[in-house]
file coords-v4.cif (mmCIF, C-alpha atoms and all ligand atoms)
data_entry
#
loop_
_atom_site.label_atom_id
_atom_site.label_comp_id
_atom_site.auth_asym_id
_atom_site.auth_seq_id
_atom_site.Cartn_x
_atom_site.Cartn_y
_atom_site.Cartn_z
CA MET A 377 93.44 -5.87 -28.68
CA PRO A 378 89.98 -6.51 -27.16
CA ILE A 379 89.95 -7.89 -23.65
CA ASN A 380 89.30 -11.64 -23.34
CA LEU A 381 87.46 -12.48 -20.14
CA CYS A 382 86.25 -15.95 -21.23
CA GLN A 383 89.60 -17.70 -21.43
CA ARG A 384 92.27 -16.17 -19.24
CA ARG A 385 95.78 -17.49 -18.65
CA THR A 386 94.83 -19.32 -15.43
CA THR A 387 91.03 -19.21 -15.32
CA SER A 388 88.01 -19.48 -17.60
CA CYS A 389 84.31 -18.67 -17.49
CA GLY A 390 81.13 -20.30 -18.74
CA ALA A 391 78.50 -18.14 -17.09
CA CYS A 392 76.71 -17.18 -20.31
CA CYS A 393 76.49 -20.85 -21.34
CA GLY A 394 74.27 -21.40 -18.29
CA LEU A 395 76.88 -22.68 -15.83
CA TYR A 396 75.20 -21.24 -12.73
CA ASN A 397 71.58 -21.63 -13.77
CA ARG A 398 70.78 -24.39 -11.30
CA GLU A 399 69.67 -24.81 -7.71
CA ASP A 400 72.86 -26.43 -6.43
CA LEU A 401 75.65 -24.01 -7.22
CA SER A 402 78.32 -25.73 -5.15
CA ARG A 403 81.68 -26.25 -6.76
CA THR A 404 81.30 -30.01 -6.28
CA ALA A 405 77.94 -30.21 -8.05
CA ILE A 406 79.00 -27.97 -10.91
CA ARG A 407 82.24 -29.88 -11.41
CA ALA A 408 80.32 -33.17 -11.47
CA GLU A 409 77.99 -31.94 -14.20
CA LEU A 410 80.84 -30.56 -16.33
CA SER A 411 82.69 -33.83 -15.90
CA ARG A 412 79.65 -35.86 -16.88
CA ARG A 413 79.22 -33.88 -20.09
CA THR A 414 82.90 -34.03 -20.97
CA ARG A 415 83.02 -37.80 -20.54
CA ALA A 416 79.79 -38.31 -22.48
CA LEU A 417 80.93 -36.20 -25.43
CA ALA A 418 84.47 -37.55 -25.58
CA GLY A 419 83.64 -40.55 -27.76
CA VAL A 420 80.86 -39.00 -29.83
CA PRO A 421 81.59 -38.71 -33.58
CA ARG A 422 82.23 -35.10 -34.59
CA THR A 423 79.13 -34.82 -36.78
CA PRO A 424 76.11 -32.54 -36.31
CA GLU A 425 73.79 -35.55 -36.08
CA ALA A 426 75.76 -37.42 -33.42
CA PHE A 427 76.69 -34.31 -31.42
CA GLY A 428 73.13 -33.01 -31.58
CA ALA A 429 71.72 -36.30 -30.29
CA ALA A 430 74.29 -36.41 -27.48
CA ALA A 431 73.53 -32.79 -26.56
CA ARG A 432 69.80 -33.52 -26.34
CA ALA A 433 70.41 -36.56 -24.13
CA LEU A 434 72.72 -34.59 -21.84
CA ALA A 435 70.24 -31.72 -21.55
CA ALA A 436 67.40 -34.10 -20.70
CA SER A 437 69.39 -35.72 -17.89
CA GLY A 438 70.99 -32.53 -16.54
CA PRO A 439 69.99 -30.38 -13.57
CA ALA A 440 66.78 -28.35 -13.78
CA PRO A 441 67.27 -24.63 -14.47
CA LEU A 442 66.74 -22.16 -11.65
CA PHE A 443 65.63 -19.59 -14.23
CA PRO A 444 63.68 -21.50 -16.92
CA SER A 445 63.96 -18.60 -19.36
CA VAL A 446 67.78 -18.76 -19.28
CA ARG A 447 69.30 -21.54 -21.36
CA ILE A 448 71.73 -24.15 -20.12
CA CYS A 449 74.03 -25.46 -22.81
CA PRO A 450 75.07 -29.10 -22.39
CA LEU A 451 78.14 -28.52 -24.57
CA LEU A 452 80.04 -26.60 -21.89
CA GLY A 453 82.61 -28.87 -20.31
CA PHE A 454 86.24 -29.31 -19.37
CA LEU A 455 88.84 -28.55 -22.02
CA ASP A 456 91.77 -30.19 -20.25
CA ALA A 457 92.42 -33.62 -18.77
CA ALA A 458 93.10 -32.14 -15.34
CA GLU A 459 89.62 -30.55 -15.41
CA THR A 460 90.74 -27.04 -14.54
CA ARG A 461 89.70 -25.14 -17.66
CA ILE A 462 86.12 -24.93 -18.86
CA GLY A 463 84.93 -24.01 -22.32
CA CYS A 464 82.89 -24.99 -25.33
CA LEU A 465 83.32 -28.63 -26.36
CA ALA A 466 81.72 -27.91 -29.73
CA HIS A 467 84.20 -25.17 -30.70
CA PRO A 468 86.60 -26.10 -33.52
CA LYS A 469 89.52 -25.76 -31.09
CA ALA A 470 87.93 -28.48 -28.93
CA THR A 471 86.60 -30.77 -31.65
CA GLY A 472 89.79 -30.63 -33.68
CA GLY A 473 87.97 -29.38 -36.78
CA PRO A 474 84.22 -29.09 -37.22
CA ASP A 475 82.29 -26.26 -35.61
CA LEU A 476 79.40 -28.00 -33.84
CA ARG A 477 78.06 -25.08 -31.80
CA ASP A 478 74.77 -25.23 -33.73
CA CYS A 479 74.12 -28.39 -31.67
CA GLY A 480 73.95 -26.32 -28.50
CA VAL A 481 71.20 -24.10 -27.15
CA TYR A 482 72.09 -21.16 -29.43
CA ASP A 483 73.78 -21.17 -32.84
CA VAL A 484 77.28 -20.53 -34.11
CA LEU A 485 76.65 -16.87 -34.89
CA THR A 486 75.22 -16.15 -31.45
CA CYS A 487 77.97 -18.03 -29.63
CA ASP A 488 80.63 -16.32 -31.72
CA ALA A 489 79.26 -12.81 -31.35
CA PHE A 490 78.25 -12.74 -27.70
CA LEU A 491 80.38 -10.86 -25.23
CA CYS A 492 78.91 -10.15 -21.80
CA PRO A 493 78.78 -6.52 -20.60
CA SER A 494 81.85 -6.99 -18.40
CA HIS A 495 83.94 -6.81 -21.58
CA ALA A 496 82.93 -3.19 -22.00
CA TRP A 497 83.68 -2.26 -18.39
CA LEU A 498 86.67 -4.10 -17.02
CA THR A 499 90.24 -3.07 -17.65
CA GLU A 500 92.87 -5.70 -18.38
CA GLU A 501 94.37 -5.04 -14.92
CA GLU A 502 91.01 -5.58 -13.18
CA ALA A 503 90.39 -8.76 -15.19
CA GLU A 504 93.78 -10.17 -14.27
CA ILE A 505 93.22 -9.27 -10.61
CA ALA A 506 89.90 -11.17 -10.72
CA SER A 507 91.58 -14.12 -12.37
CA ALA A 508 94.62 -14.23 -10.10
CA ALA A 509 92.64 -13.69 -6.90
CA THR A 510 89.90 -16.23 -7.60
CA GLY A 511 92.16 -18.91 -9.06
CA ASP A 512 89.51 -21.22 -10.48
CA PHE A 513 86.59 -21.15 -12.90
CA HIS A 514 83.89 -21.50 -10.23
CA LEU A 515 84.61 -18.29 -8.34
CA TYR A 516 86.10 -16.45 -11.32
CA GLY A 517 82.85 -16.69 -13.30
CA LEU A 518 80.80 -15.39 -10.40
CA VAL A 519 83.13 -12.42 -9.91
CA VAL A 520 84.02 -11.43 -13.47
CA THR A 521 80.36 -11.14 -14.44
CA ASP A 522 79.66 -8.73 -11.58
CA VAL A 523 81.74 -5.62 -12.25
CA PRO A 524 80.15 -3.50 -9.47
CA PHE A 525 81.00 -6.23 -6.92
CA LEU A 526 84.61 -6.57 -8.01
CA ARG A 527 85.11 -2.81 -8.10
CA ALA A 528 83.43 -2.25 -4.74
CA ALA A 529 85.59 -4.96 -3.16
CA LEU A 530 88.79 -3.42 -4.54
CA GLU A 531 87.68 0.08 -3.57
CA GLY A 532 86.80 -1.18 -0.09
CA VAL A 533 90.36 -2.40 0.33
CA ALA A 534 91.76 0.83 -1.11
CA ALA A 535 89.67 2.90 1.32
CA ARG A 536 91.37 1.08 4.21
CA THR A 537 94.93 1.04 2.86
CA GLY A 538 94.99 4.36 1.03
CA ALA A 539 96.43 2.59 -2.03
CA THR A 540 94.80 1.32 -5.21
CA VAL A 541 94.91 -2.47 -5.42
CA LEU A 542 97.19 -3.47 -8.28
CA LEU A 543 97.92 -6.84 -9.80
CA ARG A 544 101.45 -6.82 -8.41
CA HIS A 545 100.08 -6.67 -4.87
CA LEU A 546 98.78 -10.22 -5.39
CA ASP A 547 102.38 -11.44 -5.53
CA HIS A 548 102.15 -11.16 -1.74
CA ALA A 549 100.53 -14.51 -0.89
CA PRO A 550 98.81 -13.42 2.37
CA PHE A 551 97.10 -10.52 0.58
CA LYS A 552 96.09 -12.71 -2.35
CA ALA A 553 94.51 -15.20 0.07
CA ALA A 554 92.69 -12.43 1.95
CA LEU A 555 91.36 -10.93 -1.28
CA ARG A 556 90.18 -14.35 -2.42
CA ARG A 557 88.32 -14.75 0.84
CA LEU A 558 86.63 -11.39 0.33
CA LEU A 559 85.57 -12.29 -3.22
CA ALA A 560 84.48 -15.76 -2.07
CA LEU A 561 81.46 -14.14 -0.42
CA LYS A 562 79.94 -14.74 -3.85
CA GLU A 563 80.02 -18.51 -3.46
CA GLU A 564 78.84 -18.63 0.14
CA LEU A 565 75.37 -17.19 -0.37
CA ALA A 566 72.01 -18.82 0.18
CA PRO A 567 70.87 -20.94 -2.79
CA GLY A 568 68.94 -18.84 -5.28
CA SER A 569 70.30 -15.64 -3.78
CA ASP A 570 70.19 -12.52 -5.93
CA GLY A 571 73.90 -12.03 -5.37
CA LEU A 572 74.85 -15.11 -7.31
CA PHE A 573 73.77 -13.85 -10.68
CA GLY A 574 75.52 -10.57 -11.19
CA ALA A 575 73.24 -7.81 -12.32
CA PHE A 576 70.68 -10.27 -13.61
CA ARG A 577 67.57 -10.58 -11.53
CA PRO A 578 64.29 -11.24 -13.33
CA GLY A 579 61.10 -9.78 -11.91
CA THR A 580 57.72 -11.47 -11.99
CA ASP A 581 57.04 -9.95 -15.42
CA GLY A 582 60.40 -11.13 -16.78
CA GLY A 583 61.87 -7.62 -16.73
CA GLU A 584 65.03 -6.80 -14.85
CA VAL A 585 64.73 -5.72 -11.21
CA PRO A 586 67.47 -3.32 -10.11
CA ARG A 587 69.39 -4.52 -7.09
CA ARG A 588 68.75 -2.42 -4.00
CA ILE A 589 68.62 -3.09 -0.26
CA ASP A 590 65.48 -1.54 1.20
CA TYR A 591 66.98 -0.18 4.45
CA GLU A 592 63.88 1.91 5.17
CA ALA A 593 61.67 -1.15 5.16
CA LEU A 594 64.19 -2.88 7.40
CA GLY A 595 64.18 0.05 9.85
CA ARG A 596 67.94 0.55 9.84
CA ALA A 597 70.51 2.94 8.42
CA SER A 598 72.29 2.28 5.17
CA SER A 599 75.49 0.23 5.47
CA PRO A 600 78.88 1.77 4.63
CA TYR A 601 79.38 -1.42 2.60
CA ASP A 602 76.15 -0.98 0.70
CA THR A 603 77.56 -1.62 -2.77
CA ILE A 604 79.21 -4.90 -1.81
CA LEU A 605 76.19 -5.98 0.21
CA THR A 606 73.84 -5.13 -2.62
CA CYS A 607 75.98 -7.07 -5.07
CA VAL A 608 75.93 -10.17 -2.85
CA GLY A 609 72.16 -9.92 -2.53
CA ALA A 610 72.27 -9.18 1.18
CA ASP A 611 68.71 -7.92 1.31
CA PRO A 612 67.12 -10.35 3.82
CA ARG A 613 64.28 -10.96 1.38
CA SER A 614 66.77 -12.80 -0.85
CA GLY A 615 67.35 -15.41 1.84
CA ASN A 616 70.62 -13.97 3.13
CA ASP A 617 71.32 -12.49 6.56
CA LEU A 618 72.12 -8.78 6.07
CA ASP A 619 73.70 -8.19 9.50
CA ALA A 620 75.80 -11.35 9.33
CA LEU A 621 76.95 -10.50 5.82
CA GLU A 622 77.79 -6.94 6.86
CA ASP A 623 79.97 -8.32 9.67
CA GLU A 624 81.64 -10.69 7.19
CA VAL A 625 82.33 -7.91 4.69
CA ARG A 626 83.86 -5.75 7.43
CA ALA A 627 86.00 -8.61 8.76
CA ARG A 628 87.21 -9.66 5.30
CA LEU A 629 88.04 -6.08 4.30
CA ASP A 630 89.96 -5.67 7.57
CA ALA A 631 91.85 -8.88 6.81
CA CYS A 632 92.74 -7.58 3.34
CA ALA A 633 94.01 -4.34 4.82
CA ARG A 634 96.10 -6.21 7.42
CA ALA A 635 97.63 -8.43 4.73
CA PHE A 636 98.21 -5.65 2.20
CA PRO A 637 101.91 -5.51 1.31
CA ALA A 638 103.74 -2.71 3.07
CA ALA A 639 105.01 0.17 0.95
CA GLY A 640 108.35 -0.72 -0.56
CA THR A 641 107.55 -4.41 -0.96
CA HIS A 642 106.20 -6.03 -4.12
CA GLY A 643 106.51 -2.73 -5.96
CA SER A 644 103.85 -1.01 -3.88
S1 LIG B 1 79.82 -14.59 -19.18
FE1 LIG B 1 81.22 -13.18 -20.22
S2 LIG B 1 83.28 -13.79 -19.54
FE2 LIG B 1 81.87 -15.47 -19.07
S3 LIG B 1 82.05 -16.85 -20.85
FE3 LIG B 1 80.29 -15.47 -21.20
S4 LIG B 1 81.12 -13.75 -22.39
FE4 LIG B 1 82.85 -14.84 -21.47
S1 LIG B 2 77.64 -24.10 -28.02
FE1 LIG B 2 77.57 -21.93 -27.42
S2 LIG B 2 76.31 -21.87 -25.54
FE2 LIG B 2 76.99 -24.00 -25.89
S3 LIG B 2 78.88 -24.23 -24.68
FE3 LIG B 2 79.43 -23.67 -26.78
S4 LIG B 2 79.64 -21.43 -26.71
FE4 LIG B 2 78.46 -22.03 -24.89
#

call {"tool": "encode", "arguments": {"input": "coords-v4.cif", "output": "structure tokens", "more": "lines below"}}
Ligand code: SF4
Ligand code: SF4
result
Amino acid sequence: MPINLCQRRTTSCGACCGLYNREDLSRTAIRAELSRRTRALAGVPRTPEAFGAAARALAASGPAPLFPSVRICPLLGFLDAAETRIGCLAHPKATGGPDLRDCGVYDVLTCDAFLCPSHAWLTEEEAEIASAATGDFHLYGLVVTDVPFLRAALEGVAARTGATVLLRHLDHAPFKAALRRLLALKEELAPGSDGLFGAFRPGTDGGEVPRRIDYEALGRASSPYDTILTCVGADPRSGNDLDALEDEVRARLDACARAFPAAGTHGS
């Protein structure tokens, strides 16, 4: 069965619907926008005309995009009353019948067919580790769309403990909390930072710019945590503080290693 990264048992993602394409990426601001859309669409008749008009009004009053060339769909919202799960409010499973995804920024065929590259890379075990460790849509979406970051974080822990991080290790609450704190580097970056958008970083000509920290230009040696630092956009030119982030990565990896369940517990 193909892996499903969009809707997991305890988390969900909406990155490709434009969730993070905005200046204010805080959990509070993103939740408020998703809530606003969900409330606005709740009473709208399930017809293309009514849904389309509501979508246009929501888009016009929503936050400005950080990357104008990347679309923000106003039909992404909360699927549950407790506002923990995000997803497409125009999908037949959400509308109770009609497929209204043509009212969004793409069309039904595009929405149906698209799977982000993480689907081709992540194993089910890695996906469930990302889901269990992050615990909510906000951090999950930032992590699951950046495979090199997730892998480098897990490998960084493994390099300290001598053991591959497995899903069962997250049954140990102190380790799960420490791993979450390591992954949460993703949501603590400077606004507009390269590290917030996975591998996507448009250059001035619209083409993709590979992520790389220019240590030579900075006059310092490469960091042993280069992969993680590169993934979180730690190059000072992105607005982040490389040295401070390097210290944070080291401290959070150390904390993971300290909290890692001892051999013989939790199946390790
Ligand atoms: S970015 Fe990937 S995991 Fe997230 S909703 Fe889109 S296809 Fe699913
Ligand atoms: S209509 Fe498409 S782009 Fe919009 S929220 Fe639904 S799946 Fe995402």

call {"tool": "atom_distance", "arguments": {"input": "coords-v4.cif", "atom1": "CA of Leu476 in chain A", "atom2": "CA of Pro441 in chain A"}}
result
23.1 Å

call {"tool": "residues_near_ligand", "arguments": {"input": "coords-v4.cif", "ligand": "ligand LIG 2 (chain B)", "cutoff": "6 Å", "atoms": "only C-alpha atoms and all ligand atoms", "output": "list in words"}}
result
Cys393, Cys449, Leu451, Leu452, Cys464, Ala466, Arg477, Gly480, Val481, Tyr482 and Cys487 of chain A

call {"tool": "residues_near_ligand", "arguments": {"input": "coords-v4.cif", "ligand": "ligand LIG 1 (chain B)", "cutoff": "8 Å", "atoms": "all atoms listed in the file", "output": "PyMOL selection string"}}
result
chain A and resi 380-383+388-393+463+490-495+517+520-521

call {"tool": "closest_residue", "arguments": {"input": "coords-v4.cif", "among": "A:Thr414, A:Thr537, A:Asn616, A:Thr606", "to": "Asp630 in chain A", "atoms": "only C-alpha atoms"}}
result
A:Thr537

call {"tool": "closest_residue", "arguments": {"input": "coords-v4.cif", "among": "A:Ala418, A:Leu561, A:Ala405, A:Ala426", "to": "Leu518 in chain A", "atoms": "all atoms listed in the file"}}
result
A:Leu561

call {"tool": "closest_residue", "arguments": {"input": "coords-v4.cif", "among": "A:Pro600, A:Ala553, A:Asp475, A:Pro637", "to": "Val541 in chain A", "atoms": "all atoms listed in the file"}}
result
A:Pro637

call {"tool": "atom_distance", "arguments": {"input": "coords-v4.cif", "atom1": "CA of Ser445 in chain A", "atom2": "CA of Thr486 in chain A"}}
result
16.7 Å

call {"tool": "closest_residue", "arguments": {"input": "coords-v4.cif", "among": "A:Thr499, A:Asn397, A:Thr404, A:Ser437", "to": "His514 in chain A", "atoms": "only C-alpha atoms"}}
result
A:Thr404

call {"tool": "closest_residue", "arguments": {"input": "coords-v4.cif", "among": "A:Val625, A:Pro550, A:Asp400, A:Thr423", "to": "Gly473 in chain A", "atoms": "all atoms listed in the file"}}
result
A:Thr423

call {"tool": "closest_residue", "arguments": {"input": "coords-v4.cif", "among": "A:Tyr591, A:Ile379, A:Ala435, A:Asp488", "to": "Glu502 in chain A", "atoms": "all atoms listed in the file"}}
result
A:Ile379

call {"tool": "atom_distance", "arguments": {"input": "coords-v4.cif", "atom1": "CA of Arg447 in chain A", "atom2": "CA of Pro378 in chain A"}}
result
26.2 Å

call {"tool": "residues_around", "arguments": {"input": "coords-v4.cif", "residues": "Cys479 in chain A", "least_positions_apart": "5", "cutoff": "8 Å", "atoms": "all atoms listed in the file", "output": "number ranges by chain"}}
result
A: 424, 427-428, 431, 466

call {"tool": "residues_around", "arguments": {"input": "coords-v4.cif", "residues": "range 510-512 of chain A", "least_positions_apart": "5", "cutoff": "12 Å", "atoms": "all atoms listed in the file", "output": "PyMOL selection string"}}
result
chain A and resi 383-390+403+407+459-462+503-505+517-520+526+546+552-563

call {"tool": "residues_around", "arguments": {"input": "coords-v4.cif", "residues": "range 529-533 of chain A", "least_positions_apart": "6", "cutoff": "7 Å", "atoms": "all atoms listed in the file", "output": "PyMOL selection string"}}
result
chain A and resi 541+604+629+632-633
